[in-house]
Amino acid sequence: MTAADGTRLALVVRGGWDGHQPVETTDLFLPFLRENGFAVRVSDSTAVYADAAVMDEVDLIVQVVTMSTIADDEFAGLQRAVLGGAGLAGWHGGIADAFRNTADYLHMVGGQFAHHAGKHPDERVGEQSDNYIPYTVHLTDLGRSHPITQGIEDFDLVTEQYWVLSDEYNDVLATTTQDARDFDAWNRPVTAPAIWTRQWGEGRVFVSAPGHRLEVVESQPLRTIIERGLLWAAR
């Protein structure tokens, strides 16, 4: 519940694979949250999800925890908070490639990273940049009118392009299409959600698949989309 003085609580949970810069990317948005009236608590462990005293008060959960595992009592606390009205928001692997061992988490979030297309094998050097390719994020009709993405046009990125497994319950605000190249396993283009929302109980879920590292989340218009997504998801 929101505090008696009207201050809302944002819980930022970060960790997992360091390659996604969980500290640097979440730090970027801490001033924004405070400027918009949130008291901010930062946790470097998902153990906080099992703390009922915290989870009963939280209005927004910003999660950037790539891969990793989540204990049963931790997930139960996270799910209870979202069902009760807390927002859940995040980007890239920090939310869409987290806790692969917990099917109920994947169900709640609505999308699971499956693949990112790489450069031609002859161009790869064994670094993260092997998977940085140019692609376009296309706004859907819903996205063009939704408060998170209204007024934003299709935009281009050069970063990891997530192939996301998802379902029709998502409200998809933007998509991206993986081309089929002669060295890929698939033989026709595949379109996947890039930005979506999901109602879960009384809570709202916001996910941006783009957001690999700091330079991506701080670029425009993605930074604006994430900032709007955080506010939209919050109780």
# chains A, B, ... in the order shown; residues from 1 in each chain; ligands from 1
>>> residues_around(residues="Leu33 of chain A", least_positions_apart="6", cutoff="9 Å", atoms="only C-alpha atoms", output="list in words")
Ala10, Ala39, Val40, Glu227, Leu230 and Leu231 of chain A
>>> residues_around(residues="segment 187-201 of chain A", least_positions_apart="6", cutoff="10 Å", atoms="only C-alpha atoms", output="PDB file with C-alpha atoms, in the first residue's frame")
ATOM      1  CA  GLN A  79       3.610 -12.945  -7.359  1.00  0.00           C
ATOM      2  CA  ARG A  80       1.494 -11.975  -4.357  1.00  0.00           C
ATOM      3  CA  ALA A  81       2.629  -8.370  -4.654  1.00  0.00           C
ATOM      4  CA  VAL A  82       1.798  -8.187  -8.368  1.00  0.00           C
ATOM      5  CA  LEU A  83      -1.559  -9.914  -7.952  1.00  0.00           C
ATOM      6  CA  GLY A  84      -2.324  -7.378  -5.223  1.00  0.00           C
ATOM      7  CA  GLY A  85      -1.624  -4.388  -7.449  1.00  0.00           C
ATOM      8  CA  ALA A  86       2.112  -3.708  -7.470  1.00  0.00           C
ATOM      9  CA  GLY A  87       3.573  -3.011 -10.894  1.00  0.00           C
ATOM     10  CA  LEU A  88       6.382  -5.126 -12.346  1.00  0.00           C
ATOM     11  CA  ALA A  89       8.661  -3.575 -14.948  1.00  0.00           C
ATOM     12  CA  TRP A  91      13.970  -4.579 -19.744  1.00  0.00           C
ATOM     13  CA  HIS A  92      15.828  -7.152 -21.790  1.00  0.00           C
ATOM     14  CA  HIS A 107       3.533 -17.044 -17.250  1.00  0.00           C
ATOM     15  CA  MET A 108       3.242 -13.816 -15.279  1.00  0.00           C
ATOM     16  CA  VAL A 109       5.757 -11.897 -17.389  1.00  0.00           C
ATOM     17  CA  GLY A 110       4.369 -13.138 -20.700  1.00  0.00           C
ATOM     18  CA  GLY A 111       7.561 -13.534 -22.697  1.00  0.00           C
ATOM     19  CA  THR A 136      13.820  -1.772 -36.528  1.00  0.00           C
ATOM     20  CA  VAL A 137      11.296  -1.631 -33.696  1.00  0.00           C
ATOM     21  CA  HIS A 138       7.843  -1.256 -35.260  1.00  0.00           C
ATOM     22  CA  LEU A 139       5.002   0.308 -33.292  1.00  0.00           C
ATOM     23  CA  THR A 140       1.693  -1.540 -33.432  1.00  0.00           C
ATOM     24  CA  GLY A 143       1.311   1.177 -29.462  1.00  0.00           C
ATOM     25  CA  ILE A 148       3.692   4.415 -22.996  1.00  0.00           C
ATOM     26  CA  THR A 149       4.455   4.772 -26.700  1.00  0.00           C
ATOM     27  CA  GLN A 161      17.473  -8.383 -31.240  1.00  0.00           C
ATOM     28  CA  TYR A 162      15.439 -10.616 -28.960  1.00  0.00           C
ATOM     29  CA  TRP A 163      13.402 -13.500 -30.338  1.00  0.00           C
ATOM     30  CA  VAL A 164      10.766 -13.815 -27.610  1.00  0.00           C
ATOM     31  CA  LEU A 165       8.379 -16.708 -27.013  1.00  0.00           C
ATOM     32  CA  SER A 166       5.051 -15.215 -25.958  1.00  0.00           C
ATOM     33  CA  ASP A 167       1.286 -15.599 -25.993  1.00  0.00           C
ATOM     34  CA  TYR A 169      -2.583 -12.328 -23.666  1.00  0.00           C
ATOM     35  CA  ASN A 170       0.100  -9.653 -24.040  1.00  0.00           C
ATOM     36  CA  ASP A 171      -0.871  -6.170 -25.158  1.00  0.00           C
ATOM     37  CA  VAL A 172       1.898  -5.691 -27.700  1.00  0.00           C
ATOM     38  CA  LEU A 173       2.990  -2.094 -28.231  1.00  0.00           C
ATOM     39  CA  ALA A 174       5.873  -2.803 -30.624  1.00  0.00           C
ATOM     40  CA  THR A 175       7.342  -5.721 -32.546  1.00  0.00           C
ATOM     41  CA  THR A 176      10.546  -6.627 -34.315  1.00  0.00           C
ATOM     42  CA  THR A 177      11.081  -9.065 -37.168  1.00  0.00           C
ATOM     43  CA  GLN A 178      14.013 -11.461 -37.374  1.00  0.00           C
ATOM     44  CA  ASP A 179      15.082 -11.910 -40.960  1.00  0.00           C
ATOM     45  CA  ALA A 180      15.861 -15.373 -42.300  1.00  0.00           C
ATOM     46  CA  ARG A 181      19.391 -15.419 -43.682  1.00  0.00           C
ATOM     47  CA  VAL A 207       8.504  -5.291 -20.554  1.00  0.00           C
ATOM     48  CA  SER A 208      10.954  -3.811 -23.049  1.00  0.00           C
ATOM     49  CA  ALA A 209      12.957  -6.479 -24.864  1.00  0.00           C
ATOM     50  CA  PRO A 210      15.516  -3.893 -26.064  1.00  0.00           C
ATOM     51  CA  ILE A 225       9.519   4.420 -23.369  1.00  0.00           C
ATOM     52  CA  ILE A 226      11.034   2.816 -20.275  1.00  0.00           C
ATOM     53  CA  GLY A 229       6.509   2.198 -18.718  1.00  0.00           C
ATOM     54  CA  TRP A 232       2.332   3.225 -16.186  1.00  0.00           C
ATOM     55  CA  ALA A 233       3.023  -0.027 -14.333  1.00  0.00           C
TER      56      ALA A 233
END
>>> select_by_dssp(residues="segment 9-223 of chain A", states="strand (DSSP E or B)", output="number ranges by chain")
A: 9-16, 38-43, 60-67, 87-91, 98, 111-116, 133-139, 155-159, 162-166, 171-178, 190-200, 203-208
>>> residues_around(residues="Val48 of chain A", least_positions_apart="4", cutoff="9 Å", atoms="only C-alpha atoms", output="list of chain:residue names")
A:Val13, A:Ser43, A:Asp44, A:Ala52, A:Val54, A:Met55, A:Glu74, A:Gly77
>>> atom_distance(atom1="atom CA of Gln150 of chain A", atom2="atom CA of Thr66 of chain A")
28.6 Å
>>> residues_around(residues="segment 23-32 of chain A", least_positions_apart="5", cutoff="7 Å", atoms="only C-alpha atoms", output="ChimeraX atom specification")
/A:14,213-214,217
>>> write_last_selection(atoms="all heavy atoms", output="PDB file, in the first residue's frame")
ATOM      1  N   ARG A  14      18.145  -6.026  -8.609  1.00  0.00           N
ATOM      2  CA  ARG A  14      19.094  -6.149  -9.716  1.00  0.00           C
ATOM      3  C   ARG A  14      20.161  -7.198  -9.399  1.00  0.00           C
ATOM      4  O   ARG A  14      20.483  -7.438  -8.240  1.00  0.00           O
ATOM      5  CB  ARG A  14      19.739  -4.804 -10.002  1.00  0.00           C
ATOM      6  CG  ARG A  14      20.508  -4.203  -8.824  1.00  0.00           C
ATOM      7  CD  ARG A  14      20.772  -2.742  -9.064  1.00  0.00           C
ATOM      8  NE  ARG A  14      21.681  -2.166  -8.077  1.00  0.00           N
ATOM      9  CZ  ARG A  14      22.015  -0.882  -8.007  1.00  0.00           C
ATOM     10  NH1 ARG A  14      21.512  -0.034  -8.891  1.00  0.00           N
ATOM     11  NH2 ARG A  14      22.855  -0.437  -7.105  1.00  0.00           N
ATOM     12  N   ARG A 213      22.397  -3.024 -22.729  1.00  0.00           N
ATOM     13  CA  ARG A 213      23.382  -2.370 -21.869  1.00  0.00           C
ATOM     14  C   ARG A 213      23.025  -0.901 -21.711  1.00  0.00           C
ATOM     15  O   ARG A 213      22.049  -0.413 -22.276  1.00  0.00           O
ATOM     16  CB  ARG A 213      24.792  -2.527 -22.471  1.00  0.00           C
ATOM     17  CG  ARG A 213      25.338  -3.947 -22.397  1.00  0.00           C
ATOM     18  CD  ARG A 213      26.614  -4.122 -23.210  1.00  0.00           C
ATOM     19  NE  ARG A 213      27.712  -3.286 -22.736  1.00  0.00           N
ATOM     20  CZ  ARG A 213      28.558  -3.657 -21.767  1.00  0.00           C
ATOM     21  NH1 ARG A 213      28.408  -4.823 -21.161  1.00  0.00           N
ATOM     22  NH2 ARG A 213      29.552  -2.861 -21.414  1.00  0.00           N
ATOM     23  N   LEU A 214      23.833  -0.184 -20.930  1.00  0.00           N
ATOM     24  CA  LEU A 214      23.533   1.205 -20.595  1.00  0.00           C
ATOM     25  C   LEU A 214      23.329   2.060 -21.834  1.00  0.00           C
ATOM     26  O   LEU A 214      22.390   2.861 -21.896  1.00  0.00           O
ATOM     27  CB  LEU A 214      24.657   1.780 -19.729  1.00  0.00           C
ATOM     28  CG  LEU A 214      24.499   3.246 -19.301  1.00  0.00           C
ATOM     29  CD1 LEU A 214      23.232   3.441 -18.475  1.00  0.00           C
ATOM     30  CD2 LEU A 214      25.728   3.710 -18.527  1.00  0.00           C
ATOM     31  N   VAL A 217      19.663   1.560 -23.121  1.00  0.00           N
ATOM     32  CA  VAL A 217      18.532   2.100 -22.358  1.00  0.00           C
ATOM     33  C   VAL A 217      18.591   3.614 -22.239  1.00  0.00           C
ATOM     34  O   VAL A 217      17.553   4.259 -22.021  1.00  0.00           O
ATOM     35  CB  VAL A 217      18.423   1.457 -20.957  1.00  0.00           C
ATOM     36  CG1 VAL A 217      18.134  -0.022 -21.063  1.00  0.00           C
ATOM     37  CG2 VAL A 217      19.667   1.717 -20.113  1.00  0.00           C
TER      38      VAL A 217
END
>>> select_by_dssp(residues="chain A", states="helix (DSSP H, G or I)", output="short mmCIF file (atom, residue, chain, number, x, y, z; two decimals) with N, CA and C atoms, in the first residue's frame")
data_model
loop_
_atom_site.label_atom_id
_atom_site.label_comp_id
_atom_site.auth_asym_id
_atom_site.auth_seq_id
_atom_site.Cartn_x
_atom_site.Cartn_y
_atom_site.Cartn_z
N ASP A 18 26.41 -10.08 -15.19
CA ASP A 18 26.95 -8.72 -15.19
C ASP A 18 27.02 -8.11 -16.58
N GLY A 19 27.02 -8.94 -17.63
CA GLY A 19 27.11 -8.41 -18.98
C GLY A 19 25.97 -7.48 -19.35
N HIS A 20 24.85 -7.58 -18.64
CA HIS A 20 23.72 -6.69 -18.89
C HIS A 20 23.76 -5.44 -18.02
N PRO A 22 23.43 -4.65 -14.75
CA PRO A 22 22.24 -4.40 -13.92
C PRO A 22 22.35 -3.19 -13.01
N VAL A 23 23.56 -2.91 -12.50
CA VAL A 23 23.74 -1.75 -11.63
C VAL A 23 23.69 -0.46 -12.44
N GLU A 24 24.47 -0.41 -13.51
CA GLU A 24 24.55 0.81 -14.30
C GLU A 24 23.20 1.17 -14.93
N THR A 25 22.50 0.17 -15.47
CA THR A 25 21.24 0.49 -16.15
C THR A 25 20.16 0.90 -15.17
N THR A 26 20.08 0.25 -14.01
CA THR A 26 19.06 0.66 -13.05
C THR A 26 19.40 2.00 -12.41
N ASP A 27 20.70 2.26 -12.18
CA ASP A 27 21.09 3.56 -11.62
C ASP A 27 20.61 4.71 -12.49
N LEU A 28 20.55 4.49 -13.81
CA LEU A 28 20.11 5.55 -14.72
C LEU A 28 18.71 6.05 -14.38
N PHE A 29 17.86 5.15 -13.89
CA PHE A 29 16.45 5.50 -13.68
C PHE A 29 16.12 5.87 -12.24
N LEU A 30 17.07 5.73 -11.33
CA LEU A 30 16.77 6.06 -9.93
C LEU A 30 16.40 7.54 -9.75
N PRO A 31 17.13 8.49 -10.33
CA PRO A 31 16.72 9.89 -10.18
C PRO A 31 15.33 10.15 -10.76
N PHE A 32 15.02 9.52 -11.88
CA PHE A 32 13.69 9.69 -12.49
C PHE A 32 12.60 9.24 -11.54
N LEU A 33 12.79 8.09 -10.90
CA LEU A 33 11.78 7.59 -9.97
C LEU A 33 11.60 8.55 -8.80
N ARG A 34 12.72 9.03 -8.27
CA ARG A 34 12.62 9.96 -7.12
C ARG A 34 11.96 11.27 -7.53
N GLU A 35 12.29 11.75 -8.73
CA GLU A 35 11.68 12.98 -9.21
C GLU A 35 10.18 12.83 -9.41
N THR A 46 17.27 -11.25 -4.80
CA THR A 46 15.84 -11.54 -4.87
C THR A 46 15.29 -11.99 -3.52
N ALA A 47 16.14 -12.15 -2.51
CA ALA A 47 15.66 -12.53 -1.17
C ALA A 47 14.64 -11.53 -0.65
N VAL A 48 14.71 -10.29 -1.11
CA VAL A 48 13.77 -9.27 -0.65
C VAL A 48 12.33 -9.64 -1.00
N TYR A 49 12.15 -10.42 -2.06
CA TYR A 49 10.79 -10.80 -2.47
C TYR A 49 10.10 -11.64 -1.40
N ALA A 50 10.87 -12.29 -0.56
CA ALA A 50 10.29 -13.12 0.51
C ALA A 50 10.02 -12.32 1.78
N ALA A 52 7.77 -10.11 3.51
CA ALA A 52 6.38 -9.65 3.39
C ALA A 52 6.22 -8.20 3.81
N ALA A 53 7.00 -7.74 4.77
CA ALA A 53 6.89 -6.36 5.22
C ALA A 53 7.22 -5.38 4.10
N VAL A 54 8.19 -5.73 3.27
CA VAL A 54 8.54 -4.87 2.13
C VAL A 54 7.51 -5.03 1.02
N MET A 55 7.21 -6.27 0.69
CA MET A 55 6.35 -6.51 -0.47
C MET A 55 4.92 -6.04 -0.25
N ASP A 72 11.31 -20.66 -4.08
CA ASP A 72 9.84 -20.73 -4.08
C ASP A 72 9.22 -19.62 -3.24
N ASP A 73 9.79 -19.35 -2.06
CA ASP A 73 9.19 -18.32 -1.21
C ASP A 73 9.42 -16.92 -1.79
N GLU A 74 10.52 -16.75 -2.51
CA GLU A 74 10.76 -15.46 -3.16
C GLU A 74 9.76 -15.22 -4.29
N PHE A 75 9.55 -16.22 -5.13
CA PHE A 75 8.58 -16.04 -6.20
C PHE A 75 7.18 -15.84 -5.63
N ALA A 76 6.84 -16.58 -4.58
CA ALA A 76 5.52 -16.43 -3.98
C ALA A 76 5.30 -14.99 -3.52
N GLY A 77 6.33 -14.38 -2.96
CA GLY A 77 6.20 -12.99 -2.51
C GLY A 77 6.07 -12.03 -3.67
N LEU A 78 6.84 -12.25 -4.72
CA LEU A 78 6.74 -11.41 -5.90
C LEU A 78 5.37 -11.52 -6.54
N GLN A 79 4.91 -12.74 -6.72
CA GLN A 79 3.61 -12.95 -7.36
C GLN A 79 2.48 -12.35 -6.53
N ARG A 80 2.55 -12.52 -5.22
CA ARG A 80 1.49 -11.97 -4.36
C ARG A 80 1.44 -10.46 -4.47
N ALA A 81 2.61 -9.82 -4.54
CA ALA A 81 2.63 -8.37 -4.65
C ALA A 81 2.01 -7.91 -5.97
N VAL A 82 2.35 -8.59 -7.07
CA VAL A 82 1.80 -8.19 -8.37
C VAL A 82 0.30 -8.46 -8.42
N LEU A 83 -0.12 -9.61 -7.97
CA LEU A 83 -1.56 -9.91 -7.95
C LEU A 83 -2.33 -8.88 -7.13
N GLY A 93 17.08 -8.98 -20.77
CA GLY A 93 17.21 -10.22 -20.02
C GLY A 93 16.90 -10.10 -18.56
N GLY A 94 16.90 -8.87 -18.05
CA GLY A 94 16.62 -8.68 -16.63
C GLY A 94 15.22 -9.04 -16.21
N ILE A 95 14.32 -9.09 -17.19
CA ILE A 95 12.94 -9.51 -16.89
C ILE A 95 12.48 -10.62 -17.83
N ALA A 96 12.94 -10.59 -19.10
CA ALA A 96 12.47 -11.56 -20.10
C ALA A 96 13.41 -12.75 -20.26
N ALA A 103 8.19 -21.78 -14.12
CA ALA A 103 7.19 -21.60 -15.17
C ALA A 103 6.17 -20.52 -14.81
N ASP A 104 5.79 -20.44 -13.54
CA ASP A 104 4.79 -19.44 -13.15
C ASP A 104 5.31 -18.02 -13.31
N TYR A 105 6.61 -17.84 -13.16
CA TYR A 105 7.19 -16.52 -13.41
C TYR A 105 7.07 -16.18 -14.89
N LEU A 106 7.41 -17.12 -15.76
CA LEU A 106 7.32 -16.90 -17.20
C LEU A 106 5.89 -16.59 -17.60
N HIS A 107 4.95 -17.27 -16.97
CA HIS A 107 3.53 -17.04 -17.25
C HIS A 107 3.13 -15.62 -16.88
N MET A 108 3.60 -15.15 -15.75
CA MET A 108 3.24 -13.82 -15.28
C MET A 108 3.83 -12.73 -16.17
N VAL A 109 5.08 -12.92 -16.59
CA VAL A 109 5.76 -11.90 -17.39
C VAL A 109 5.28 -11.91 -18.84
N PRO A 121 28.75 -15.78 -39.43
CA PRO A 121 29.83 -16.48 -38.70
C PRO A 121 31.23 -15.97 -39.02
N ASP A 122 31.47 -15.51 -40.24
CA ASP A 122 32.80 -15.02 -40.60
C ASP A 122 33.14 -13.69 -39.94
N GLU A 123 32.11 -13.00 -39.40
CA GLU A 123 32.32 -11.68 -38.81
C GLU A 123 32.42 -11.73 -37.29
N GLN A 128 30.47 -9.93 -27.08
CA GLN A 128 29.04 -9.63 -27.11
C GLN A 128 28.63 -9.00 -28.43
N SER A 129 29.53 -8.24 -29.02
CA SER A 129 29.21 -7.54 -30.26
C SER A 129 28.90 -8.49 -31.41
N ASP A 130 29.20 -9.78 -31.26
CA ASP A 130 28.83 -10.75 -32.28
C ASP A 130 27.33 -10.77 -32.52
N ASN A 131 26.57 -10.34 -31.50
CA ASN A 131 25.10 -10.37 -31.59
C ASN A 131 24.49 -8.98 -31.76
N ASP A 141 -0.55 -0.77 -33.92
CA ASP A 141 -1.66 0.19 -33.85
C ASP A 141 -1.95 0.52 -32.39
N LEU A 142 -1.93 -0.49 -31.52
CA LEU A 142 -2.15 -0.22 -30.09
C LEU A 142 -1.04 0.67 -29.55
N GLY A 143 0.19 0.39 -29.95
CA GLY A 143 1.31 1.18 -29.46
C GLY A 143 1.22 2.64 -29.84
N ARG A 144 0.65 2.93 -30.98
CA ARG A 144 0.57 4.32 -31.42
C ARG A 144 -0.42 5.13 -30.60
N SER A 145 -1.30 4.45 -29.86
CA SER A 145 -2.27 5.17 -29.03
C SER A 145 -2.07 4.94 -27.54
N LEU A 214 23.83 -0.18 -20.93
CA LEU A 214 23.53 1.20 -20.60
C LEU A 214 23.33 2.06 -21.83
N GLU A 215 24.20 1.90 -22.85
CA GLU A 215 24.08 2.76 -24.02
C GLU A 215 22.77 2.55 -24.77
N VAL A 216 22.14 1.40 -24.56
CA VAL A 216 20.86 1.13 -25.22
C VAL A 216 19.72 1.78 -24.44
N VAL A 217 19.66 1.56 -23.12
CA VAL A 217 18.53 2.10 -22.36
C VAL A 217 18.59 3.61 -22.24
N LEU A 222 14.11 4.94 -26.60
CA LEU A 222 13.90 3.84 -25.66
C LEU A 222 13.86 4.33 -24.22
N ARG A 223 14.72 5.28 -23.88
CA ARG A 223 14.71 5.78 -22.50
C ARG A 223 13.33 6.34 -22.13
N THR A 224 12.75 7.12 -23.03
CA THR A 224 11.42 7.67 -22.77
C THR A 224 10.38 6.55 -22.62
N ILE A 225 10.46 5.53 -23.46
CA ILE A 225 9.52 4.42 -23.37
C ILE A 225 9.65 3.72 -22.02
N ILE A 226 10.86 3.48 -21.57
CA ILE A 226 11.03 2.82 -20.28
C ILE A 226 10.53 3.70 -19.15
N GLU A 227 10.84 4.97 -19.19
CA GLU A 227 10.37 5.87 -18.13
C GLU A 227 8.84 5.89 -18.07
N ARG A 228 8.22 5.99 -19.22
CA ARG A 228 6.75 5.97 -19.25
C ARG A 228 6.23 4.62 -18.77
N GLY A 229 6.93 3.53 -19.15
CA GLY A 229 6.51 2.20 -18.72
C GLY A 229 6.56 2.01 -17.22
N LEU A 230 7.59 2.57 -16.58
CA LEU A 230 7.68 2.48 -15.13
C LEU A 230 6.49 3.18 -14.47
N LEU A 231 6.19 4.37 -14.94
CA LEU A 231 5.07 5.11 -14.33
C LEU A 231 3.74 4.43 -14.62
N TRP A 232 3.58 3.90 -15.83
CA TRP A 232 2.33 3.23 -16.19
C TRP A 232 2.11 1.99 -15.33
N ALA A 233 3.17 1.24 -15.06
CA ALA A 233 3.02 -0.03 -14.33
C ALA A 233 2.74 0.20 -12.85
#
>>> closest_residue(among="A:Leu9, A:Val58, A:Ala185, A:Val64", to="Gly37 of chain A", atoms="only C-alpha atoms")
A:Leu9
>>> closest_residue(among="A:Leu60, A:Gln21, A:Ile152, A:Pro134", to="Val42 of chain A", atoms="only C-alpha atoms")
A:Leu60
>>> decode(residues="segment 132-191 of chain A", atoms="C-alpha atoms", output="compact mmCIF listing (two decimals), in the first residue's frame")
# COMPACT_ATOMS: atom_id res chain seq x y z
CA TYR A 132 24.79 -6.65 -32.30
CA ILE A 133 22.85 -6.26 -35.51
CA PRO A 134 20.77 -3.40 -36.98
CA TYR A 135 17.01 -3.79 -36.73
CA THR A 136 13.82 -1.77 -36.53
CA VAL A 137 11.30 -1.63 -33.70
CA HIS A 138 7.84 -1.26 -35.26
CA LEU A 139 5.00 0.31 -33.29
CA THR A 140 1.69 -1.54 -33.43
CA ASP A 141 -1.66 0.19 -33.85
CA LEU A 142 -2.15 -0.22 -30.09
CA GLY A 143 1.31 1.18 -29.46
CA ARG A 144 0.57 4.32 -31.42
CA SER A 145 -2.27 5.17 -29.03
CA HIS A 146 -0.98 3.69 -25.76
CA PRO A 147 0.32 6.19 -23.14
CA ILE A 148 3.69 4.41 -23.00
CA THR A 149 4.46 4.77 -26.70
CA GLN A 150 2.04 7.41 -27.99
CA GLY A 151 3.76 9.91 -30.26
CA ILE A 152 6.77 7.68 -30.86
CA GLU A 153 7.56 6.46 -34.36
CA ASP A 154 9.28 3.27 -35.47
CA PHE A 155 12.95 3.42 -34.51
CA ASP A 156 16.20 1.66 -35.33
CA LEU A 157 18.72 0.03 -33.01
CA VAL A 158 22.04 -1.74 -33.34
CA THR A 159 22.08 -4.20 -30.45
CA GLU A 160 20.77 -7.63 -29.53
CA GLN A 161 17.47 -8.38 -31.24
CA TYR A 162 15.44 -10.62 -28.96
CA TRP A 163 13.40 -13.50 -30.34
CA VAL A 164 10.77 -13.81 -27.61
CA LEU A 165 8.38 -16.71 -27.01
CA SER A 166 5.05 -15.22 -25.96
CA ASP A 167 1.29 -15.60 -25.99
CA GLU A 168 -1.76 -13.68 -27.14
CA TYR A 169 -2.58 -12.33 -23.67
CA ASN A 170 0.10 -9.65 -24.04
CA ASP A 171 -0.87 -6.17 -25.16
CA VAL A 172 1.90 -5.69 -27.70
CA LEU A 173 2.99 -2.09 -28.23
CA ALA A 174 5.87 -2.80 -30.62
CA THR A 175 7.34 -5.72 -32.55
CA THR A 176 10.55 -6.63 -34.32
CA THR A 177 11.08 -9.06 -37.17
CA GLN A 178 14.01 -11.46 -37.37
CA ASP A 179 15.08 -11.91 -40.96
CA ALA A 180 15.86 -15.37 -42.30
CA ARG A 181 19.39 -15.42 -43.68
CA ASP A 182 21.06 -18.24 -45.53
CA PHE A 183 23.07 -19.25 -42.45
CA ASP A 184 20.12 -19.21 -40.00
CA ALA A 185 18.23 -22.30 -38.83
CA TRP A 186 14.82 -20.77 -39.63
CA ASN A 187 13.69 -20.27 -43.20
CA ARG A 188 11.23 -17.40 -43.05
CA PRO A 189 11.05 -14.07 -41.17
CA VAL A 190 9.68 -14.24 -37.63
CA THR A 191 7.98 -11.34 -35.83
